[in-house]
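Colleague: One file: entry.txt (compact mmCIF, C-alpha atoms).
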# COMPACT_ATOMS: atom_id res chain seq x y z
CA MET L 7 -10.01 -23.41 -31.89
CA ARG L 8 -6.63 -24.76 -30.83
CA ASN L 9 -5.33 -21.30 -29.88
CA ARG L 10 -8.52 -20.54 -27.94
CA ASN L 11 -8.24 -23.81 -26.05
CA LEU L 12 -4.62 -23.04 -25.25
CA ILE L 13 -5.61 -19.68 -23.80
CA LEU L 14 -8.38 -21.25 -21.73
CA TRP L 15 -6.04 -24.00 -20.51
CA SER L 16 -3.53 -21.38 -19.42
CA ALA L 17 -6.19 -19.64 -17.36
CA VAL L 18 -7.44 -22.89 -15.86
CA PHE L 19 -3.90 -23.99 -15.02
CA VAL L 20 -3.10 -20.81 -13.12
CA PHE L 21 -6.41 -20.88 -11.28
CA CYS L 22 -6.07 -24.54 -10.27
CA VAL L 23 -2.45 -24.23 -9.14
CA ALA L 24 -3.24 -21.07 -7.22
CA THR L 25 -6.19 -22.73 -5.54
CA LEU L 26 -4.09 -25.74 -4.59
CA ALA L 27 -1.43 -23.45 -3.15
CA ALA L 28 -3.97 -21.39 -1.25
CA ARG L 29 -6.18 -24.21 0.06
CA PRO L 30 -4.68 -27.65 -0.44
CA GLY L 31 -7.06 -29.29 2.03
CA LEU L 32 -10.09 -28.14 0.09
CA ALA L 33 -8.54 -29.05 -3.22
CA GLN L 34 -8.43 -32.69 -2.20
CA GLY L 35 -11.70 -32.67 -0.29
CA VAL L 36 -11.90 -32.79 3.47
CA SER L 37 -13.37 -35.29 5.92
CA LEU L 38 -14.88 -33.37 8.83
CA ILE L 39 -15.44 -34.83 12.29
CA ARG L 40 -17.38 -33.53 15.26
CA ASP L 41 -16.61 -33.83 18.95
CA THR L 42 -18.01 -31.61 21.68
CA GLU L 43 -15.00 -31.84 24.00
CA ILE L 44 -12.38 -31.10 21.33
CA GLU L 45 -14.41 -28.27 19.83
CA ASN L 46 -14.87 -26.82 23.31
CA THR L 47 -11.11 -27.02 23.94
CA ILE L 48 -10.36 -25.06 20.77
CA ARG L 49 -13.08 -22.56 21.69
CA VAL L 50 -11.37 -21.99 25.05
CA TYR L 51 -8.06 -21.52 23.21
CA THR L 52 -9.47 -18.99 20.76
CA ALA L 53 -11.84 -17.00 23.01
CA PRO L 54 -9.24 -14.41 24.12
CA LEU L 55 -7.86 -14.12 20.57
CA PHE L 56 -11.26 -13.46 19.01
CA ASN L 57 -12.03 -10.96 21.77
CA VAL L 58 -8.94 -8.80 21.20
CA ALA L 59 -9.31 -9.16 17.41
CA GLY L 60 -12.85 -7.77 17.59
CA LEU L 61 -14.45 -10.95 16.25
CA ASP L 62 -17.78 -12.29 17.48
CA ALA L 63 -16.92 -15.86 18.48
CA SER L 64 -20.47 -16.99 17.73
CA PHE L 65 -19.93 -16.18 14.04
CA VAL L 66 -16.58 -17.99 13.71
CA ARG L 67 -17.03 -21.66 12.84
CA ILE L 68 -14.21 -24.08 13.67
CA HIS L 69 -14.08 -27.36 11.76
CA LEU L 70 -12.00 -30.44 12.57
CA VAL L 71 -10.49 -32.11 9.52
CA GLN L 72 -9.62 -35.80 9.85
CA ASP L 73 -6.14 -35.68 8.36
CA LYS L 74 -2.83 -36.66 9.93
CA ARG L 75 -0.89 -33.96 8.10
CA LEU L 76 -0.07 -30.61 9.68
CA ASN L 77 -2.48 -28.04 8.35
CA ALA L 78 -4.88 -25.26 9.27
CA PHE L 79 -6.53 -22.79 6.94
CA VAL L 80 -9.32 -20.26 6.60
CA ALA L 81 -12.06 -20.75 4.01
CA GLY L 82 -15.62 -19.63 3.38
CA GLY L 83 -15.40 -16.39 5.32
CA GLN L 84 -15.05 -16.82 9.08
CA ARG L 85 -14.39 -20.56 9.03
CA ILE L 86 -11.20 -22.08 10.41
CA PHE L 87 -10.31 -25.64 9.44
CA VAL L 88 -7.81 -27.49 11.67
CA ASN L 89 -6.31 -30.88 10.85
CA THR L 90 -6.34 -33.50 13.59
CA GLY L 91 -2.68 -34.14 12.75
CA LEU L 92 -1.79 -30.64 13.88
CA LEU L 93 -3.65 -31.04 17.17
CA VAL L 94 -1.93 -34.36 17.92
CA ARG L 95 1.52 -33.13 16.90
CA ALA L 96 1.32 -29.95 19.01
CA ASP L 97 3.28 -30.48 22.21
CA GLY L 98 1.14 -28.09 24.22
CA PRO L 99 -1.67 -25.55 24.01
CA GLY L 100 0.73 -22.77 23.03
CA GLN L 101 1.42 -24.20 19.59
CA VAL L 102 -2.28 -24.59 18.74
CA ILE L 103 -3.09 -21.14 20.14
CA GLY L 104 -0.26 -19.65 18.07
CA VAL L 105 -1.57 -21.23 14.87
CA MET L 106 -5.11 -20.09 15.67
CA ALA L 107 -3.81 -16.55 16.26
CA HIS L 108 -2.21 -16.64 12.82
CA GLU L 109 -5.43 -17.87 11.18
CA THR L 110 -7.35 -15.16 13.03
CA GLY L 111 -4.98 -12.70 11.39
CA HIS L 112 -6.03 -14.05 8.00
CA ILE L 113 -9.70 -13.47 8.90
CA THR L 114 -9.27 -9.91 10.18
CA GLY L 115 -7.01 -9.07 7.25
CA GLY L 116 -9.63 -10.19 4.74
CA HIS L 117 -6.97 -12.36 3.12
CA LEU L 118 -9.34 -14.93 1.64
CA ALA L 119 -11.19 -12.35 -0.46
CA ARG L 120 -7.92 -10.66 -1.40
CA MET L 121 -6.46 -14.00 -2.45
CA GLN L 122 -9.32 -14.44 -4.89
CA ASP L 123 -8.41 -11.08 -6.40
CA ALA L 124 -4.78 -12.20 -6.62
CA ILE L 125 -5.85 -15.40 -8.39
CA ARG L 126 -7.85 -13.38 -10.91
CA ASN L 127 -4.83 -11.14 -11.47
CA ALA L 128 -2.67 -14.23 -11.98
CA GLN L 129 -5.11 -15.50 -14.58
CA ALA L 130 -5.03 -12.16 -16.37
CA THR L 131 -1.22 -12.10 -16.35
CA SER L 132 -0.98 -15.59 -17.83
CA ILE L 133 -3.61 -14.91 -20.49
CA ALA L 134 -2.04 -11.57 -21.45
CA ALA L 135 1.38 -13.15 -21.90
CA LEU L 136 -0.10 -15.87 -24.05
CA VAL L 137 -2.24 -13.53 -26.16
CA LEU L 138 0.73 -11.26 -26.84
CA GLY L 139 3.07 -14.16 -27.51
CA ILE L 140 0.95 -16.10 -30.04
CA PRO L 141 0.78 -13.37 -32.76
CA ALA L 142 4.52 -12.86 -32.50
CA ALA L 143 5.06 -16.61 -32.85
CA ILE L 144 2.84 -16.75 -35.93
CA LEU L 145 4.66 -13.83 -37.57
CA ALA L 146 8.01 -15.37 -36.77
CA GLY L 147 6.91 -18.77 -38.05
CA ASP L 148 7.99 -20.37 -34.77
CA PRO L 149 5.29 -22.70 -33.26
CA GLY L 150 7.47 -23.30 -30.20
CA ALA L 151 7.27 -19.64 -29.29
CA ALA L 152 3.58 -20.02 -28.37
CA ALA L 153 4.44 -22.69 -25.83
CA ALA L 154 7.26 -20.50 -24.54
CA ALA L 155 4.86 -17.59 -24.14
CA ASN L 156 2.46 -19.85 -22.24
CA ALA L 157 5.20 -21.06 -19.89
CA ALA L 158 6.51 -17.54 -19.36
CA GLY L 159 3.04 -16.24 -18.54
CA GLN L 160 2.41 -19.04 -16.06
CA SER L 161 5.81 -18.52 -14.43
CA MET L 162 5.24 -14.79 -14.06
CA ALA L 163 1.74 -15.30 -12.70
CA MET L 164 2.88 -17.85 -10.13
CA ARG L 165 5.80 -15.69 -9.01
CA ASN L 166 3.45 -12.77 -8.46
CA LEU L 167 0.91 -14.94 -6.66
CA LEU L 168 3.48 -16.56 -4.37
CA ALA L 169 5.01 -13.18 -3.56
CA TYR L 170 1.55 -11.93 -2.63
CA THR L 171 0.97 -15.03 -0.50
CA ARG L 172 4.22 -14.45 1.38
CA THR L 173 3.10 -10.88 2.06
CA MET L 174 -0.17 -12.15 3.53
CA GLU L 175 1.73 -14.61 5.73
CA ARG L 176 3.91 -11.85 7.16
CA SER L 177 0.79 -9.77 7.80
CA ALA L 178 -0.93 -12.68 9.57
CA ASP L 179 2.20 -13.28 11.68
CA GLN L 180 2.24 -9.64 12.74
CA ALA L 181 -1.45 -9.77 13.62
CA ALA L 182 -0.92 -13.01 15.54
CA VAL L 183 1.81 -11.43 17.67
CA GLU L 184 -0.46 -8.46 18.37
CA TYR L 185 -3.36 -10.70 19.43
CA LEU L 186 -1.17 -12.97 21.53
CA ASN L 187 0.45 -10.07 23.39
CA ALA L 188 -2.95 -8.46 23.96
CA SER L 189 -4.10 -11.80 25.41
CA GLN L 190 -0.98 -11.98 27.60
CA ILE L 191 0.22 -15.09 25.77
CA SER L 192 3.76 -15.62 24.49
CA SER L 193 4.45 -16.05 20.77
CA GLN L 194 6.74 -18.96 21.68
CA GLY L 195 4.13 -21.53 20.65
CA LEU L 196 3.82 -20.11 17.13
CA LEU L 197 7.61 -19.98 16.83
CA ASP L 198 7.89 -23.59 18.01
CA PHE L 199 5.35 -24.66 15.40
CA LEU L 200 7.13 -22.81 12.59
CA GLU L 201 10.40 -24.47 13.62
CA ILE L 202 8.70 -27.89 13.50
CA LEU L 203 7.60 -27.08 9.96
CA GLN L 204 11.08 -25.90 9.06
CA GLU L 205 12.59 -29.16 10.29
CA ASN L 206 9.94 -31.18 8.44
CA SER L 207 10.69 -29.31 5.22
CA ARG L 208 14.34 -30.27 5.51
CA LEU L 209 13.65 -33.93 6.24
CA TYR L 210 10.79 -34.43 3.78
CA ALA L 211 11.42 -31.94 1.00
CA ALA L 212 9.68 -34.19 -1.53
CA ASN L 213 6.47 -34.45 0.52
CA LEU L 214 5.88 -31.16 2.27
CA ASP L 215 3.13 -30.71 4.82
CA PRO L 216 0.16 -28.92 3.23
CA TYR L 217 0.63 -26.11 5.76
CA LEU L 218 3.89 -25.26 4.02
CA GLN L 219 2.10 -25.06 0.70
CA SER L 220 -0.66 -22.76 1.92
CA HIS L 221 1.59 -20.82 4.33
CA PRO L 222 4.99 -20.31 2.65
CA LEU L 223 7.69 -20.61 5.32
CA THR L 224 10.61 -18.23 4.90
CA GLU L 225 13.62 -17.59 7.06
CA ASP L 226 12.36 -14.02 7.48
CA ARG L 227 9.25 -15.35 9.23
CA ILE L 228 11.34 -17.41 11.63
CA ILE L 229 13.62 -14.45 12.36
CA PHE L 230 10.63 -12.17 12.94
CA MET L 231 9.03 -14.60 15.37
CA ARG L 232 12.30 -15.09 17.28
CA GLU L 233 12.59 -11.33 17.67
CA GLN L 234 9.02 -11.09 18.93
CA VAL L 235 9.53 -13.90 21.42
CA ALA L 236 12.63 -12.12 22.75
CA LEU L 237 10.67 -8.86 23.10
CA SER L 238 7.47 -10.29 24.59
CA PRO L 239 6.96 -9.73 28.32
CA TYR L 240 4.97 -12.98 28.39
CA THR L 241 7.74 -15.28 27.18
CA GLY L 242 8.30 -17.90 29.85
CA VAL L 243 4.79 -17.54 31.26
CA THR L 244 3.36 -21.03 31.51
CA PHE L 245 -0.17 -22.15 30.77
CA SER L 246 -2.58 -23.16 33.50
CA ASP L 247 -2.83 -26.78 34.54
CA GLN L 248 -6.40 -26.76 33.23
CA LEU L 249 -5.34 -25.80 29.69
CA ILE L 250 -2.53 -28.37 29.69
CA ASP L 251 -4.98 -31.03 30.88
CA MET L 252 -7.47 -30.10 28.17
CA HIS L 253 -4.74 -30.35 25.55
CA GLU L 254 -3.56 -33.79 26.68
CA ARG L 255 -7.12 -35.08 26.82
CA MET L 256 -7.71 -33.84 23.29
CA ARG L 257 -4.60 -35.62 22.01
CA ALA L 258 -5.47 -38.85 23.82
CA LYS L 259 -9.00 -38.77 22.45
CA LEU L 260 -7.88 -38.21 18.86
CA ILE L 261 -5.26 -40.94 19.07
CA GLY L 262 -7.80 -43.35 20.59
CA TYR L 263 -10.33 -42.69 17.84
CA LEU L 264 -8.06 -42.41 14.81
CA ASP L 265 -4.98 -44.61 15.32
CA PRO L 266 -4.79 -48.42 15.02
CA MET L 267 -4.72 -50.26 18.34
CA PRO L 268 -0.96 -51.12 18.18
CA GLN L 269 -0.14 -47.42 17.82
CA VAL L 270 -2.51 -46.51 20.65
CA LEU L 271 -0.87 -49.05 22.97
CA ALA L 272 2.61 -47.90 21.95
CA ARG L 273 1.68 -44.37 23.02
CA TYR L 274 -0.51 -45.36 25.98
CA PRO L 275 0.58 -48.80 27.27
CA GLU L 276 -1.66 -50.85 29.53
CA ASN L 277 0.64 -50.32 32.52
CA ASP L 278 0.10 -46.56 32.21
CA ASN L 279 -2.77 -45.75 34.57
CA SER L 280 -2.89 -42.03 33.81
CA MET L 281 -6.25 -40.54 32.87
CA TYR L 282 -5.01 -39.80 29.36
CA SER L 283 -3.86 -43.37 28.80
CA ARG L 284 -7.12 -44.83 30.05
CA TYR L 285 -9.09 -42.37 27.90
CA ALA L 286 -7.29 -43.40 24.71
CA ARG L 287 -7.44 -47.13 25.49
CA SER L 288 -11.13 -47.09 26.39
CA ILE L 289 -11.96 -45.40 23.07
CA ALA L 290 -9.69 -47.73 21.10
CA ASN L 291 -11.27 -50.82 22.68
CA MET L 292 -14.73 -49.50 21.86
CA ARG L 293 -13.67 -49.18 18.22
CA ILE L 294 -12.72 -52.87 18.02
CA SER L 295 -15.92 -53.93 19.85
CA LYS L 296 -14.23 -54.93 23.11
CA THR L 297 -17.20 -53.51 24.94
CA ASP L 298 -16.62 -54.96 28.40
CA LEU L 299 -12.98 -53.87 28.52
CA ALA L 300 -13.87 -50.41 27.25
CA LEU L 301 -16.55 -50.13 29.94
CA GLN L 302 -14.19 -51.35 32.63
CA ILE L 303 -11.69 -48.64 31.76
CA VAL L 304 -14.22 -45.81 31.50
CA ASP L 305 -15.84 -46.87 34.78
CA SER L 306 -12.46 -46.59 36.49
CA MET L 307 -12.23 -43.07 35.10
CA LEU L 308 -15.68 -42.20 36.40
CA GLN L 309 -14.69 -43.42 39.85
CA ASP L 310 -11.94 -40.78 39.80
CA ALA L 311 -14.07 -38.07 38.14
CA PRO L 312 -17.78 -38.85 38.65
CA ASN L 313 -18.94 -35.48 37.31
CA ASP L 314 -16.98 -35.46 34.08
CA PRO L 315 -19.59 -35.11 31.30
CA PHE L 316 -17.30 -36.42 28.57
CA PHE L 317 -16.55 -39.63 30.44
CA TRP L 318 -20.31 -40.15 30.75
CA GLU L 319 -20.65 -39.40 27.03
CA LEU L 320 -18.01 -42.02 26.27
CA ARG L 321 -19.84 -44.56 28.42
CA GLY L 322 -23.00 -43.80 26.45
CA ASP L 323 -21.11 -44.18 23.15
CA ILE L 324 -19.72 -47.56 24.18
CA LEU L 325 -23.13 -48.91 25.16
CA LYS L 326 -24.88 -47.39 22.15
CA ASP L 327 -22.36 -48.97 19.78
CA ALA L 328 -23.00 -52.30 21.48
CA GLY L 329 -26.77 -51.95 21.11
CA ARG L 330 -27.34 -51.64 24.85
CA MET L 331 -29.64 -48.64 24.62
CA GLU L 332 -31.04 -48.55 28.16
CA GLY L 333 -27.56 -48.13 29.60
CA ALA L 334 -26.61 -45.66 26.89
CA ILE L 335 -29.65 -43.52 27.72
CA ALA L 336 -28.74 -43.41 31.41
CA ALA L 337 -25.15 -42.38 30.61
CA TYR L 338 -26.14 -39.71 28.10
CA GLU L 339 -28.75 -38.31 30.48
CA LYS L 340 -26.05 -37.86 33.09
CA ALA L 341 -23.82 -36.07 30.54
CA VAL L 342 -26.67 -33.77 29.43
CA GLU L 343 -27.51 -33.01 33.06
CA ILE L 344 -23.97 -31.66 33.46
CA LEU L 345 -23.75 -30.03 30.00
CA PRO L 346 -27.28 -29.05 28.92
CA TRP L 347 -25.95 -27.04 25.93
CA ALA L 348 -24.11 -30.00 24.36
CA ALA L 349 -26.12 -30.47 21.15
CA LEU L 350 -24.21 -33.52 19.89
CA ILE L 351 -24.73 -35.39 23.17
CA ARG L 352 -28.43 -34.53 23.18
CA VAL L 353 -28.77 -35.94 19.66
CA ALA L 354 -26.99 -39.14 20.70
CA LEU L 355 -29.39 -39.41 23.65
CA ALA L 356 -32.39 -38.88 21.36
CA GLN L 357 -31.12 -41.49 18.89
CA SER L 358 -30.88 -44.02 21.71
CA GLN L 359 -34.38 -43.16 22.92
CA LEU L 360 -35.83 -43.52 19.43
CA ALA L 361 -33.99 -46.80 18.88
CA LEU L 362 -36.02 -48.47 21.66
CA ASN L 363 -39.27 -47.48 19.91
CA ASP L 364 -40.91 -46.99 23.29
CA PRO L 365 -43.78 -44.45 23.17
CA ARG L 366 -42.98 -43.38 26.71
CA LEU L 367 -39.55 -42.14 25.55
CA LEU L 368 -40.89 -40.23 22.53
CA PRO L 369 -41.54 -36.88 24.30
CA GLY L 370 -38.04 -36.92 25.77
CA ALA L 371 -36.44 -37.70 22.42
CA THR L 372 -38.40 -34.89 20.76
CA GLU L 373 -37.42 -32.42 23.46
CA ASN L 374 -33.73 -33.37 23.22
CA LEU L 375 -33.73 -32.91 19.45
CA GLU L 376 -35.52 -29.58 19.65
CA GLN L 377 -33.05 -28.36 22.28
CA ALA L 378 -30.08 -29.55 20.23
CA LEU L 379 -31.33 -27.76 17.11
CA ARG L 380 -31.79 -24.53 19.02
CA HIS L 381 -28.04 -24.61 19.64
CA GLU L 382 -27.00 -26.03 16.26
CA PRO L 383 -29.74 -25.62 13.63
CA TRP L 384 -27.35 -26.74 10.86
CA LEU L 385 -27.32 -30.38 12.10
CA ALA L 386 -29.04 -32.03 9.15
CA TYR L 387 -29.14 -35.51 10.68
CA ALA L 388 -30.79 -34.11 13.82
CA TRP L 389 -33.60 -32.69 11.68
CA ARG L 390 -34.12 -36.16 10.17
CA HIS L 391 -34.45 -37.73 13.61
CA LEU L 392 -36.81 -34.96 14.68
CA GLY L 393 -38.92 -35.72 11.61
CA ILE L 394 -39.04 -39.38 12.70
CA ALA L 395 -40.05 -38.36 16.23
CA TYR L 396 -42.85 -36.09 14.98
CA GLY L 397 -44.03 -38.78 12.58
CA ARG L 398 -44.28 -41.39 15.33
CA ALA L 399 -46.29 -38.93 17.39
CA GLY L 400 -48.72 -38.44 14.48
CA ASP L 401 -47.63 -34.83 13.88
CA HIS L 402 -47.17 -35.23 10.13
CA GLY L 403 -47.10 -31.51 9.38
CA ASN L 404 -44.08 -30.85 11.59
CA ALA L 405 -42.54 -34.13 10.46
CA SER L 406 -42.59 -32.87 6.86
CA LEU L 407 -41.24 -29.49 7.99
CA ALA L 408 -38.34 -31.14 9.82
CA LEU L 409 -37.54 -33.23 6.73
CA ALA L 410 -37.66 -30.08 4.62
CA GLU L 411 -35.15 -28.49 7.00
CA GLU L 412 -32.93 -31.54 6.61
CA ALA L 413 -33.13 -31.47 2.82
CA SER L 414 -32.33 -27.76 2.65
CA ARG L 415 -29.24 -28.24 4.81
CA ARG L 416 -28.08 -31.12 2.62
CA ASN L 417 -28.55 -28.93 -0.45
CA ASN L 418 -31.23 -31.35 -1.70
CA VAL L 419 -33.35 -28.84 -3.60
CA LYS L 420 -35.91 -31.32 -4.94
CA GLY L 421 -36.42 -32.89 -1.52
CA ALA L 422 -36.73 -29.49 0.16
CA ILE L 423 -39.47 -28.42 -2.27
CA GLN L 424 -41.38 -31.69 -1.89
CA GLN L 425 -41.25 -31.81 1.92
CA ALA L 426 -41.97 -28.09 2.32
CA SER L 427 -45.02 -28.45 0.04
CA ARG L 428 -46.30 -31.35 2.15
CA ALA L 429 -45.73 -29.32 5.34
CA MET L 430 -47.74 -26.40 3.91
CA ASP L 431 -50.58 -28.79 3.03
CA ARG L 432 -50.64 -30.24 6.55
CA LEU L 433 -49.96 -27.21 8.76
CA PRO L 434 -52.48 -24.40 9.49
CA SER L 435 -52.12 -21.68 6.86
CA GLY L 436 -50.29 -18.68 8.23
CA SER L 437 -48.92 -20.51 11.29
CA PRO L 438 -45.18 -20.11 12.13
CA GLY L 439 -44.48 -23.64 10.84
CA TRP L 440 -46.40 -22.99 7.61
CA MET L 441 -44.49 -19.74 7.04
CA ARG L 442 -41.16 -21.46 7.64
CA ALA L 443 -42.11 -24.17 5.14
CA GLN L 444 -43.00 -21.46 2.62
CA ASP L 445 -39.59 -19.81 3.12
CA ILE L 446 -37.80 -23.12 2.54
CA LYS L 447 -39.83 -23.81 -0.59
CA LEU L 448 -39.30 -20.35 -2.09
CA LEU L 449 -35.56 -20.46 -1.44
CA ALA L 450 -35.25 -23.97 -2.89
CA GLU L 451 -37.25 -22.97 -5.99
CA ARG L 452 -34.98 -19.97 -6.50
CA VAL L 453 -31.88 -22.16 -6.27
CA GLN L 454 -33.46 -24.66 -8.68
CA GLN L 455 -34.15 -21.90 -11.20
CA GLU L 456 -30.59 -20.60 -10.94
CA ARG L 457 -29.21 -24.10 -11.55
CA GLN L 458 -31.45 -24.65 -14.56
CA GLY L 459 -30.43 -21.28 -15.99
CA ARG L 460 -26.74 -22.14 -16.03
As a first step, turn the structure in this file into structure tokens.

Modeller:
Amino acid sequence: MRNRNLILWSAVFVFCVATLAARPGLAQGVSLIRDTEIENTIRVYTAPLFNVAGLDASFVRIHLVQDKRLNAFVAGGQRIFVNTGLLVRADGPGQVIGVMAHETGHITGGHLARMQDAIRNAQATSIAALVLGIPAAILAGDPGAAAAANAAGQSMAMRNLLAYTRTMERSADQAAVEYLNASQISSQGLLDFLEILQENSRLYAANLDPYLQSHPLTEDRIIFMREQVALSPYTGVTFSDQLIDMHERMRAKLIGYLDPMPQVLARYPENDNSMYSRYARSIANMRISKTDLALQIVDSMLQDAPNDPFFWELRGDILKDAGRMEGAIAAYEKAVEILPWAALIRVALAQSQLALNDPRLLPGATENLEQALRHEPWLAYAWRHLGIAYGRAGDHGNASLALAEEASRRNNVKGAIQQASRAMDRLPSGSPGWMRAQDIKLLAERVQQERQGR
């Protein structure tokens, strides 16, 4: 039993270390945040890259990870995770675009699936070394030889895995250069970012950024990127004022939401009347419940840009957080009027309408939630609010269906089965809603059976 456990531990060790090296953010768990403006900015950055790479942008999901460290990685197929720390640290759009080009190279190269194969090969290498080493140790009467075989197998497996990872990084760099040139964008931003990482690795060798763990940085990569920058006809081409403005707004917004007030004021002092400074300070004051000051600042911004939907959204957020729902509704309605596709803003508007518990606002709240879910059907909390809206209107069949949708998206199998069964009891048999409830129930029952069979 001891030898078998040692073999299994060797396999587990290699798998866990390889997974940490490949996806450190996932290994520690990630805290995801949502923001329409920031997500839209990254979509604008990536649109030309996805186009030249032959990717359908509607199938690529971009997730914001609340983490101050520099990191970005691909996971779960066509999903790109970007740390807020990277977005704030980037000095301009070029650095973020360069990183996104590199991650796009990982997607088109199928590197995630190939990494899983490499991990399995690493496991096999470690196990083989251990299995071959233990009999020899027993024959030689040397117990320490088994441990040596284990260590040798792990070392060999990790060397092979890291070599494979470095190969993938070079491939992603080459793809990134191709996509950037095809988009008429210089590779200078990606080079700048790699040089930031290189400097960080020298200063903080004991606490490397996770990006350096998942994307091994070698001198060859730096040299390659410098050569490409020198060869690119787009080196020196500047970004539009619009892209630079979007980048600075994104940084100000993240700093305002995520940093303590002293750090916000150090970056954006009160005597700085720029739009970015006011944006960060208005958000930061909202966070510490200085509602009137936050409103005063955002209102000054709206005087300068009365048709900015995200300033109206912020005004709605400030008032909603303060419990002043009538004002929040008016602000959100203005934002939705300008950006009718903004699902997150529509949900915030519907939440405010439902909070007043006014029957006259119920149809509007229901419509906003239905519209939001047409754009983003994976929003579990929006399904819950839609269930509440249907329930208040006396439509208990669709209320149960909405709650079944919520449960299925939260991976709550028991809840999905219960709510889907109730929906089927309450909705006309054979109707579209009844059939959708049946689909949810059947899928949930299948998942339940698979879990019980493990």

Colleague: Report the closest atom pair, with its distance in Å rounded to one decimal, for each residue of stretch 175-270 of chain L that has an atom no farther than 9 Å from stretch 38-53 of chain L; count all atoms listed in the file, sort by chain and then rising residue number, and write it as a tab-separated table.

Modeller:
residue	atom	partner	partner_atom	distance
L:Leu249	CA	L:Tyr51	CA	8.2
L:Met252	CA	L:Thr47	CA	6.4
L:His253	CA	L:Thr47	CA	7.4
L:Arg255	CA	L:Ile44	CA	8.6
L:Met256	CA	L:Ile44	CA	5.8
L:Lys259	CA	L:Ile44	CA	8.5
L:Leu260	CA	L:Ile44	CA	8.8

Colleague: State, in Å with one decimal place, the distance from atom CA of L:Lys296 to atom CA of L:Asn374.

Modeller: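 Value for the atom CA of L:Lys296-atom CA of L:Asn374 distance: 29.1 Å.
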
Colleague: What's the separation between atom CA of L:Glu343 and atom CA of L:Gln309, in Å to one decimal place?

Modeller: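 Distance between the two atoms: 17.9 Å.
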
Colleague: Just to confirm, what's the straight-line distance from atom CA of L:Leu76 to atom CA of L:Gly91 in Å (one decimal)?

Modeller: 5.4 Å

Colleague: Which residues, written as a ChimeraX atom specification, have at least one atom at most 9 Å from L:Leu385, with all atoms listed in the file counted and residues fewer than 5 positions away on the same chain left out?

Modeller: /L:350,378-379,412,415

Colleague: Here's a test: counting only C-alpha atoms, identify every protein, DNA and RNA residue with an atom at most 12 Å from (-9.7, -52.9, 19.1) in the file's coordinate frame, and state them as JSON, numbers by chain.

Modeller: {"L": [262, 263, 264, 265, 266, 267, 268, 269, 270, 271, 286, 287, 288, 289, 290, 291, 292, 293, 294, 295, 296, 297, 298, 299, 300]}

Colleague: Looking at L:Ile113, L:Val419, L:Ala408, L:Val102, which one is nearest to L:Arg85, with distances taken over all atoms listed in the file?

Modeller: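 Smallest distance to L:Arg85 is found for L:Ile113.
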
Colleague: What lies within 12 Å of L:Arg330 using all atoms listed in the file, ignoring chain neighbours under 3 positions off, as a compact mmCIF listing (two decimals) with C-alpha atoms, keeping the file's coordinate frame?

Modeller:
# COMPACT_ATOMS: atom_id res chain seq x y z
CA THR L 297 -17.20 -53.51 24.94
CA ASP L 298 -16.62 -54.96 28.40
CA ARG L 321 -19.84 -44.56 28.42
CA GLY L 322 -23.00 -43.80 26.45
CA ASP L 323 -21.11 -44.18 23.15
CA ILE L 324 -19.72 -47.56 24.18
CA LEU L 325 -23.13 -48.91 25.16
CA LYS L 326 -24.88 -47.39 22.15
CA ASP L 327 -22.36 -48.97 19.78
CA GLY L 333 -27.56 -48.13 29.60
CA ALA L 334 -26.61 -45.66 26.89
CA ILE L 335 -29.65 -43.52 27.72
CA ALA L 336 -28.74 -43.41 31.41
CA ALA L 337 -25.15 -42.38 30.61
CA SER L 358 -30.88 -44.02 21.71
CA GLN L 359 -34.38 -43.16 22.92
CA ALA L 361 -33.99 -46.80 18.88
CA LEU L 362 -36.02 -48.47 21.66

Colleague: Excluding same-chain residues fewer than 5 positions from L:Ile250, what lies within 8 Å of it counting all atoms listed in the file, as an MDAnalysis selection string?

Modeller: chainID L and resid 98:99 245

Colleague: I need the residue nearest L:Ala399 from this list: L:Pro239, L:Gly329, L:Pro369, L:Gly104. Use only C-alpha atoms for the distance.

Modeller: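 That would be L:Pro369, the residue with the smallest distance to L:Ala399.
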
Colleague: Write out as a ChimeraX atom specification the residues lying within 8 Å of stretch 443-453 of chain L, counting all atoms listed in the file and excluding same-chain residues fewer than 4 positions away.

Modeller: /L:407,410-411,414,419-420,422-423,426-427,429-430,439,457
